[in-house]
Protein chains: 2
Amino acid sequence: MTEPARLSWKLVRDAIHARILDSTYGPGDKLPKDQCLAEELGCARTTVQRAMRDLSDSGIVERRRKGGTHVRTDPVTRATLDIPITRKEVEQKGAVYGYQLVNLTTTQAPLVIAGKFELSAPTTMLHIEALHLADQRPYIFEDRWVSIDTVPEIASVDLKVESANEWLVRNRPYSRCDLRFYAIKASEHHAKLLDIAPNEALFVMERTTWIGKDPITTVKAVTTPGYQLLTEI
Amino acid sequence: MTEPARLSWKLVRDAIHARILDSTYGPGDKLPKDQCLAEELGCARTTVQRAMRDLSDSGIVERRRKGGTHVRTDPVTRATLDIPITRKEVEQKGAVYGYQLVNLTTTQAPLVIAGKFELSAPTTMLHIEALHLADQRPYIFEDRWVSIDTVPEIASVDLKVESANEWLVRNRPYSRCDLRFYAIKASEHHAKLLDIAPNEALFVMERTTWIGKDPITTVKAVTTPGYQLLTEI
DNA sequence: TTGAGTATTATGTATGCACATAATATGTCA
DNA sequence: TGACATATTATGTGCATACATAATACTCAA
């Protein structure tokens with residue numbers, strides 16, 4: 001068995017992770033300092049640092065200057081979610097994507113909506129209700145508010161043709177995004193639009209975005225029964 | 001205004017991100033190569049590389065060897081979720097945590113459960129039903145299956161006192177974790193246990209873990225009405 | 001004993017350099 | 001023209017070194 005000339009940081013990461021998995025280092029334990037591990041594993045401290053950053057990002061260890069590296073006592077399940085544009089998601093499933101504008105008004109944003117943006121003063125917003133279809137069947141109902149002040153160009157977009165979802169994501173990058181997931185009982189309105197029985201349990205994804213401090217949009221995406229959100233594997 | 005002697009990689013990242021936000025580089029555009037940006041911004045290529053890795057991790061740009069760096073055409077909303085131990089979550093809210101074992105049996109895992117682990121042959125598993133309480137009120141109902149083969153020690157744990165959630169997370173690190181979120185209508189069983197009306201819409205989090213190729217556990221955490229899962233800000 | 005100030009230390013960052021790797025571009029030959 | 005081998009190139013990685021930073025540990029006076 002020959003040592004690889006260079007030990008990649010992934011190998012180092014896995015070596016350390018393995019020791020945690022086999023309880024060489026248990027929850028709460030302090031790990032040797034980078035320098036020691038580097039010497040032990042025969043690599044530079046930089047490489048251990050790289051490996052440790054990855055373990056730290058994954059929530060497996062905690063690092064503190066001067067304090068050292070510890071295995072997390074209360075492990076959290078940390079996962080990365082990717083939420084694509086709805087059209088992409090539908091096409092990914094091999095279905096034909098469709099889009100349909102349901103309602104479009106310009107009004108003062110109600111307090112609930114202003115609250116989502118952490119705004120004190122209510123502002124004028126575009127309120128959009130639209131349906132995303134998969135193979136002609138309702139797939140997701142989106143209830144969206146767009147800030148006219150932050151995104152004046154939205155007024156000149158033909159939302160009967162192009163979904164706000166798509167236009168915004170392509171034209172309005174955001175610097176902050178809050179997500180919120182929960183379940184609701186389908187209202188009469190939802191039931192009618194999504195062509196389902198009322199009182200059905202629906203999975204909802206809410207997303208609010210800002211550019212700097214300015215609100216861009218907040219969407220409530222109401223999915224159809226059976227919808228599941230999965231983590232990337 | 002004096003230039004900082006050293007430009008941290010975060011400043012470099014933000015500088016590049018700013019150019020994407022203000023459309024200097026639009027969706028699909030190719031960014032200058034690391035070396036150029038390094039010279040332009042007055043730092044080492046390593047620093048640009050560090051900044052770029054972060055932008056790449058955030059799903060803002062895509063990098064390919066030889067191909068260069070491009071702004072993503074189809075931005076995805078990428079978020080990191082932290083799901084803590086239920087007890088921690090309850091305590092975080094300032095409530096008193098409680099735990100109650102509802103049912104405990106050892107049986108052959110049904111096909112649905114074996115399927116979650118991608119197992120072909122069904123195995124013997126511990127089936128646990130338990131309630132997590134917040135201030136004496138039902139908070140989350142957990143329906144769990146634990147592999148006896150992978151975790152034989154679970155047999156000697158007093159699950160009337162300690163929740164499997166807690167014991168496993170502290171004693172059985174995993175190497176793979178799948179998550180799944182959706183909504184269900186509360187069954188009679190759920191309604192009775194959670195002390196709610198039947199047909200209420202409930203948010204469900206499913207989690208399946210493995211160590212290497214071996215199944216550890218799969219949990220269906222049924223939350224009470226009003227529960228919301230948020231991303232870290 | 002306590003608290004403020006100081007020294008120590010493990011991790012974090014920046015840099016220059018060399019080489020690895022994968023993807024693209026190019027060139028050659030049939 | 002097309003297929004295959006080869007050169008080129010931008011990103012990826014490893015390393016040694018120096019310095020920065022935040023936390024802890026320590027010191028010493030009140």
# chains A, B, ... in the order shown; residues from 1 in each chain; ligands from 1
>>> residues_around(residues="region 2-12 of chain C", least_positions_apart="2", cutoff="6 Å", atoms="only C-alpha atoms (C1' of nucleotides)", output="list in words")
Arg65, Lys66 and Gly68 of chain A
>>> write_last_selection(atoms="C-alpha atoms", output="compact mmCIF listing (two decimals), in the first residue's frame")
# COMPACT_ATOMS: atom_id res chain seq x y z
CA ARG A 65 -10.59 30.65 17.54
CA LYS A 66 -8.39 29.73 20.42
CA GLY A 68 -10.29 24.69 19.15
>>> closest_atom_pairs(of="chain A", to="chain D", cutoff="10 Å", atoms="only C-alpha atoms (C1' of nucleotides)", output="JSON lines")
{"residue": "A:Arg6", "atom": "CA", "partner": "D:DG14", "partner_atom": "C1'", "distance": 7.3}
{"residue": "A:Leu7", "atom": "CA", "partner": "D:DG14", "partner_atom": "C1'", "distance": 8.4}
{"residue": "A:Ser8", "atom": "CA", "partner": "D:DT13", "partner_atom": "C1'", "distance": 7.4}
{"residue": "A:Trp9", "atom": "CA", "partner": "D:DT13", "partner_atom": "C1'", "distance": 8.3}
{"residue": "A:Cys43", "atom": "CA", "partner": "D:DG14", "partner_atom": "C1'", "distance": 8.3}
{"residue": "A:Ala44", "atom": "CA", "partner": "D:DC15", "partner_atom": "C1'", "distance": 6.1}
{"residue": "A:Arg45", "atom": "CA", "partner": "D:DC15", "partner_atom": "C1'", "distance": 8.7}
{"residue": "A:Thr46", "atom": "CA", "partner": "D:DC15", "partner_atom": "C1'", "distance": 7.7}
{"residue": "A:Thr47", "atom": "CA", "partner": "D:DG14", "partner_atom": "C1'", "distance": 7.2}
{"residue": "A:Arg64", "atom": "CA", "partner": "D:DA23", "partner_atom": "C1'", "distance": 7.8}
{"residue": "A:Arg65", "atom": "CA", "partner": "D:DA22", "partner_atom": "C1'", "distance": 5.8}
{"residue": "A:Lys66", "atom": "CA", "partner": "D:DA23", "partner_atom": "C1'", "distance": 5.4}
{"residue": "A:Gly67", "atom": "CA", "partner": "D:DA23", "partner_atom": "C1'", "distance": 6.5}
{"residue": "A:Gly68", "atom": "CA", "partner": "D:DA23", "partner_atom": "C1'", "distance": 9.8}
>>> closest_residue(among="A:Val146, A:Leu193, A:Ile85, A:Leu21", to="Leu101 (chain A)", atoms="only C-alpha atoms")
A:Leu193
>>> closest_residue(among="B:Glu89, B:Asp214, B:Asp135, B:Glu118", to="Leu229 (chain B)", atoms="only C-alpha atoms")
B:Glu89
>>> interface_residues(of="chain A", to="chain B", cutoff="6 Å", atoms="only C-alpha atoms", output="ChimeraX atom specification")
/A:21,76-84,173,179-185,201-203,228-231
>>> write_last_selection(atoms="N, CA and C atoms", output="mmCIF file, in the first residue's frame")
data_model
loop_
_atom_site.group_PDB
_atom_site.id
_atom_site.type_symbol
_atom_site.label_atom_id
_atom_site.label_comp_id
_atom_site.auth_asym_id
_atom_site.auth_seq_id
_atom_site.Cartn_x
_atom_site.Cartn_y
_atom_site.Cartn_z
ATOM 1 N N LEU A 21 -17.458 9.207 13.186
ATOM 2 C CA LEU A 21 -18.474 8.173 13.000
ATOM 3 C C LEU A 21 -18.179 6.937 13.848
ATOM 4 N N VAL A 76 -27.385 18.955 14.386
ATOM 5 C CA VAL A 76 -28.587 19.371 13.688
ATOM 6 C C VAL A 76 -28.592 18.658 12.353
ATOM 7 N N THR A 77 -29.775 18.438 11.843
ATOM 8 C CA THR A 77 -29.879 17.912 10.497
ATOM 9 C C THR A 77 -29.794 19.109 9.581
ATOM 10 N N ARG A 78 -28.711 19.218 8.857
ATOM 11 C CA ARG A 78 -28.532 20.367 7.985
ATOM 12 C C ARG A 78 -28.642 19.915 6.541
ATOM 13 N N ALA A 79 -29.487 20.569 5.802
ATOM 14 C CA ALA A 79 -29.694 20.162 4.424
ATOM 15 C C ALA A 79 -29.791 21.376 3.522
ATOM 16 N N THR A 80 -29.406 21.180 2.288
ATOM 17 C CA THR A 80 -29.502 22.251 1.315
ATOM 18 C C THR A 80 -30.678 21.995 0.393
ATOM 19 N N LEU A 81 -31.524 23.003 0.268
ATOM 20 C CA LEU A 81 -32.681 22.895 -0.613
ATOM 21 C C LEU A 81 -32.454 23.704 -1.876
ATOM 22 N N ASP A 82 -32.801 23.139 -2.990
ATOM 23 C CA ASP A 82 -32.782 23.880 -4.245
ATOM 24 C C ASP A 82 -34.203 23.994 -4.743
ATOM 25 N N ILE A 83 -34.691 25.219 -4.852
ATOM 26 C CA ILE A 83 -36.028 25.403 -5.397
ATOM 27 C C ILE A 83 -35.889 26.071 -6.751
ATOM 28 N N PRO A 84 -36.138 25.312 -7.813
ATOM 29 C CA PRO A 84 -35.958 25.866 -9.157
ATOM 30 C C PRO A 84 -37.162 26.703 -9.581
ATOM 31 N N PRO A 173 -32.250 39.929 -9.518
ATOM 32 C CA PRO A 173 -31.541 39.165 -8.501
ATOM 33 C C PRO A 173 -31.796 39.766 -7.132
ATOM 34 N N LEU A 179 -37.482 31.849 3.494
ATOM 35 C CA LEU A 179 -38.397 30.789 3.096
ATOM 36 C C LEU A 179 -39.188 30.318 4.302
ATOM 37 N N ARG A 180 -40.362 29.788 4.011
ATOM 38 C CA ARG A 180 -41.276 29.361 5.063
ATOM 39 C C ARG A 180 -42.144 28.254 4.484
ATOM 40 N N PHE A 181 -42.222 27.145 5.191
ATOM 41 C CA PHE A 181 -43.014 26.012 4.699
ATOM 42 C C PHE A 181 -44.061 25.637 5.723
ATOM 43 N N TYR A 182 -45.260 25.343 5.260
ATOM 44 C CA TYR A 182 -46.311 24.904 6.175
ATOM 45 C C TYR A 182 -47.450 24.256 5.399
ATOM 46 N N ALA A 183 -48.479 23.854 6.115
ATOM 47 C CA ALA A 183 -49.622 23.203 5.482
ATOM 48 C C ALA A 183 -50.877 24.025 5.718
ATOM 49 N N ILE A 184 -51.780 24.043 4.733
ATOM 50 C CA ILE A 184 -53.071 24.713 4.930
ATOM 51 C C ILE A 184 -54.199 23.808 4.425
ATOM 52 N N LYS A 185 -55.376 24.100 4.930
ATOM 53 C CA LYS A 185 -56.561 23.432 4.419
ATOM 54 C C LYS A 185 -57.010 24.210 3.188
ATOM 55 N N ALA A 201 -55.573 18.876 2.287
ATOM 56 C CA ALA A 201 -54.368 19.423 2.908
ATOM 57 C C ALA A 201 -53.361 19.790 1.819
ATOM 58 N N LEU A 202 -52.903 21.042 1.860
ATOM 59 C CA LEU A 202 -51.984 21.502 0.823
ATOM 60 C C LEU A 202 -50.677 21.989 1.422
ATOM 61 N N PHE A 203 -49.603 21.653 0.746
ATOM 62 C CA PHE A 203 -48.269 22.077 1.168
ATOM 63 C C PHE A 203 -47.983 23.451 0.565
ATOM 64 N N GLN A 228 -44.421 16.945 -2.949
ATOM 65 C CA GLN A 228 -43.407 16.741 -1.915
ATOM 66 C C GLN A 228 -42.166 17.540 -2.257
ATOM 67 N N LEU A 229 -41.586 18.111 -1.245
ATOM 68 C CA LEU A 229 -40.325 18.824 -1.417
ATOM 69 C C LEU A 229 -39.213 17.926 -0.901
ATOM 70 N N LEU A 230 -38.220 17.662 -1.743
ATOM 71 C CA LEU A 230 -37.141 16.761 -1.353
ATOM 72 C C LEU A 230 -35.816 17.503 -1.271
ATOM 73 N N THR A 231 -34.919 16.991 -0.436
ATOM 74 C CA THR A 231 -33.573 17.552 -0.435
ATOM 75 C C THR A 231 -32.776 16.909 -1.549
#
>>> select_by_dssp(residues="region 7-198 of chain B", states="strand (DSSP E)", output="ChimeraX atom specification")
/B:30-31,61-64,68-71,77-83,97-108,124-134,137-147,176-185
>>> residues_around(residues="Glu142 (chain B)", least_positions_apart="6", cutoff="9 Å", atoms="only C-alpha atoms (C1' of nucleotides)", output="PyMOL selection string")
chain B and resi 128-132+165+219-223
>>> write_last_selection(atoms="N, CA and C atoms", output="PDB file, in the first residue's frame")
ATOM      1  N   ILE B 128     -41.691   2.737  16.593  1.00  0.00           N
ATOM      2  CA  ILE B 128     -41.931   3.586  17.756  1.00  0.00           C
ATOM      3  C   ILE B 128     -42.897   4.699  17.393  1.00  0.00           C
ATOM      4  N   GLU B 129     -43.922   4.853  18.226  1.00  0.00           N
ATOM      5  CA  GLU B 129     -44.794   6.010  18.082  1.00  0.00           C
ATOM      6  C   GLU B 129     -44.652   6.818  19.359  1.00  0.00           C
ATOM      7  N   ALA B 130     -44.384   8.114  19.216  1.00  0.00           N
ATOM      8  CA  ALA B 130     -44.154   8.931  20.413  1.00  0.00           C
ATOM      9  C   ALA B 130     -44.626  10.356  20.184  1.00  0.00           C
ATOM     10  N   LEU B 131     -44.899  11.024  21.294  1.00  0.00           N
ATOM     11  CA  LEU B 131     -45.360  12.410  21.236  1.00  0.00           C
ATOM     12  C   LEU B 131     -44.312  13.330  21.860  1.00  0.00           C
ATOM     13  N   HIS B 132     -44.049  14.433  21.185  1.00  0.00           N
ATOM     14  CA  HIS B 132     -43.234  15.487  21.783  1.00  0.00           C
ATOM     15  C   HIS B 132     -44.199  16.579  22.228  1.00  0.00           C
ATOM     16  N   ASN B 165     -35.466   9.882  19.152  1.00  0.00           N
ATOM     17  CA  ASN B 165     -34.930  11.047  18.442  1.00  0.00           C
ATOM     18  C   ASN B 165     -33.610  11.460  19.085  1.00  0.00           C
ATOM     19  N   VAL B 219     -38.098   8.516  10.099  1.00  0.00           N
ATOM     20  CA  VAL B 219     -39.100   9.139  10.950  1.00  0.00           C
ATOM     21  C   VAL B 219     -40.061   9.951  10.126  1.00  0.00           C
ATOM     22  N   LYS B 220     -41.313   9.877  10.516  1.00  0.00           N
ATOM     23  CA  LYS B 220     -42.324  10.758   9.955  1.00  0.00           C
ATOM     24  C   LYS B 220     -42.749  11.655  11.106  1.00  0.00           C
ATOM     25  N   ALA B 221     -42.348  12.916  11.059  1.00  0.00           N
ATOM     26  CA  ALA B 221     -42.689  13.854  12.136  1.00  0.00           C
ATOM     27  C   ALA B 221     -43.913  14.650  11.719  1.00  0.00           C
ATOM     28  N   VAL B 222     -45.045  14.355  12.363  1.00  0.00           N
ATOM     29  CA  VAL B 222     -46.299  15.029  12.041  1.00  0.00           C
ATOM     30  C   VAL B 222     -46.471  16.196  13.007  1.00  0.00           C
ATOM     31  N   THR B 223     -46.482  17.403  12.472  1.00  0.00           N
ATOM     32  CA  THR B 223     -46.547  18.588  13.325  1.00  0.00           C
ATOM     33  C   THR B 223     -47.986  18.985  13.608  1.00  0.00           C
TER      34      THR B 223
END
>>> interface_residues(of="chain C", to="chain B", cutoff="12 Å", atoms="only C-alpha atoms (C1' of nucleotides)", output="count of residues only")
12
>>> atom_distance(atom1="CA of Glu188 (chain B)", atom2="CA of Phe141 (chain B)")
13.4 Å
>>> atom_distance(atom1="CA of Gly94 (chain A)", atom2="CA of Glu162 (chain A)")
20.5 Å
>>> select_by_dssp(residues="region 116-200 of chain B", states="helix (DSSP H, G or I)", output="VMD selection string")
chain B and resid 116 152 to 156 164 to 171 188 to 194
>>> write_last_selection(atoms="C-alpha atoms", output="tab-separated table (two decimals), in the first residue's frame")
chain	number	residue	atom	x	y	z
B	116	LYS	CA	-37.62	4.38	2.00
B	152	PRO	CA	-28.98	-3.40	18.16
B	153	GLU	CA	-28.28	-1.19	21.23
B	154	ILE	CA	-31.67	0.48	20.77
B	155	ALA	CA	-33.22	-2.58	22.43
B	156	SER	CA	-31.59	-1.68	25.73
B	164	ALA	CA	-35.43	7.73	20.21
B	165	ASN	CA	-34.93	11.05	18.44
B	166	GLU	CA	-32.52	12.17	21.11
B	167	TRP	CA	-30.79	8.85	21.71
B	168	LEU	CA	-30.14	8.21	18.04
B	169	VAL	CA	-28.92	11.67	17.26
B	170	ARG	CA	-26.47	11.49	20.15
B	171	ASN	CA	-25.31	7.93	19.65
B	188	GLU	CA	-58.60	9.99	13.34
B	189	HIS	CA	-55.49	8.59	14.97
B	190	HIS	CA	-53.57	11.83	14.51
B	191	ALA	CA	-56.51	13.91	15.66
B	192	LYS	CA	-56.83	11.94	18.87
B	193	LEU	CA	-53.12	11.98	19.65
B	194	LEU	CA	-52.53	15.61	18.79
>>> atom_distance(atom1="CA of Ala109 (chain A)", atom2="CA of Val161 (chain A)")
24.1 Å
>>> decode(residues="region 20-38 of chain A", atoms="C-alpha atoms", output="PDB file, in the first residue's frame")
ATOM      1  CA  ILE A  20     -16.237  10.863  14.470  1.00  0.00           C
ATOM      2  CA  LEU A  21     -18.474   8.173  13.000  1.00  0.00           C
ATOM      3  CA  ASP A  22     -16.595   5.376  14.769  1.00  0.00           C
ATOM      4  CA  SER A  23     -16.610   7.370  18.023  1.00  0.00           C
ATOM      5  CA  THR A  24     -12.869   7.919  18.209  1.00  0.00           C
ATOM      6  CA  TYR A  25     -14.046  11.457  18.822  1.00  0.00           C
ATOM      7  CA  GLY A  26     -17.488  11.480  20.424  1.00  0.00           C
ATOM      8  CA  PRO A  27     -20.034  14.304  20.734  1.00  0.00           C
ATOM      9  CA  GLY A  28     -18.549  17.250  22.597  1.00  0.00           C
ATOM     10  CA  ASP A  29     -14.989  15.960  22.343  1.00  0.00           C
ATOM     11  CA  LYS A  30     -12.189  18.277  21.422  1.00  0.00           C
ATOM     12  CA  LEU A  31     -10.264  17.395  18.296  1.00  0.00           C
ATOM     13  CA  PRO A  32      -6.493  17.774  18.044  1.00  0.00           C
ATOM     14  CA  LYS A  33      -5.454  21.092  16.651  1.00  0.00           C
ATOM     15  CA  ASP A  34      -5.062  21.491  12.929  1.00  0.00           C
ATOM     16  CA  GLN A  35      -1.291  21.441  13.088  1.00  0.00           C
ATOM     17  CA  CYS A  36      -1.242  18.090  14.876  1.00  0.00           C
ATOM     18  CA  LEU A  37      -3.699  16.491  12.514  1.00  0.00           C
ATOM     19  CA  ALA A  38      -1.701  17.872   9.607  1.00  0.00           C
TER      20      ALA A  38
END
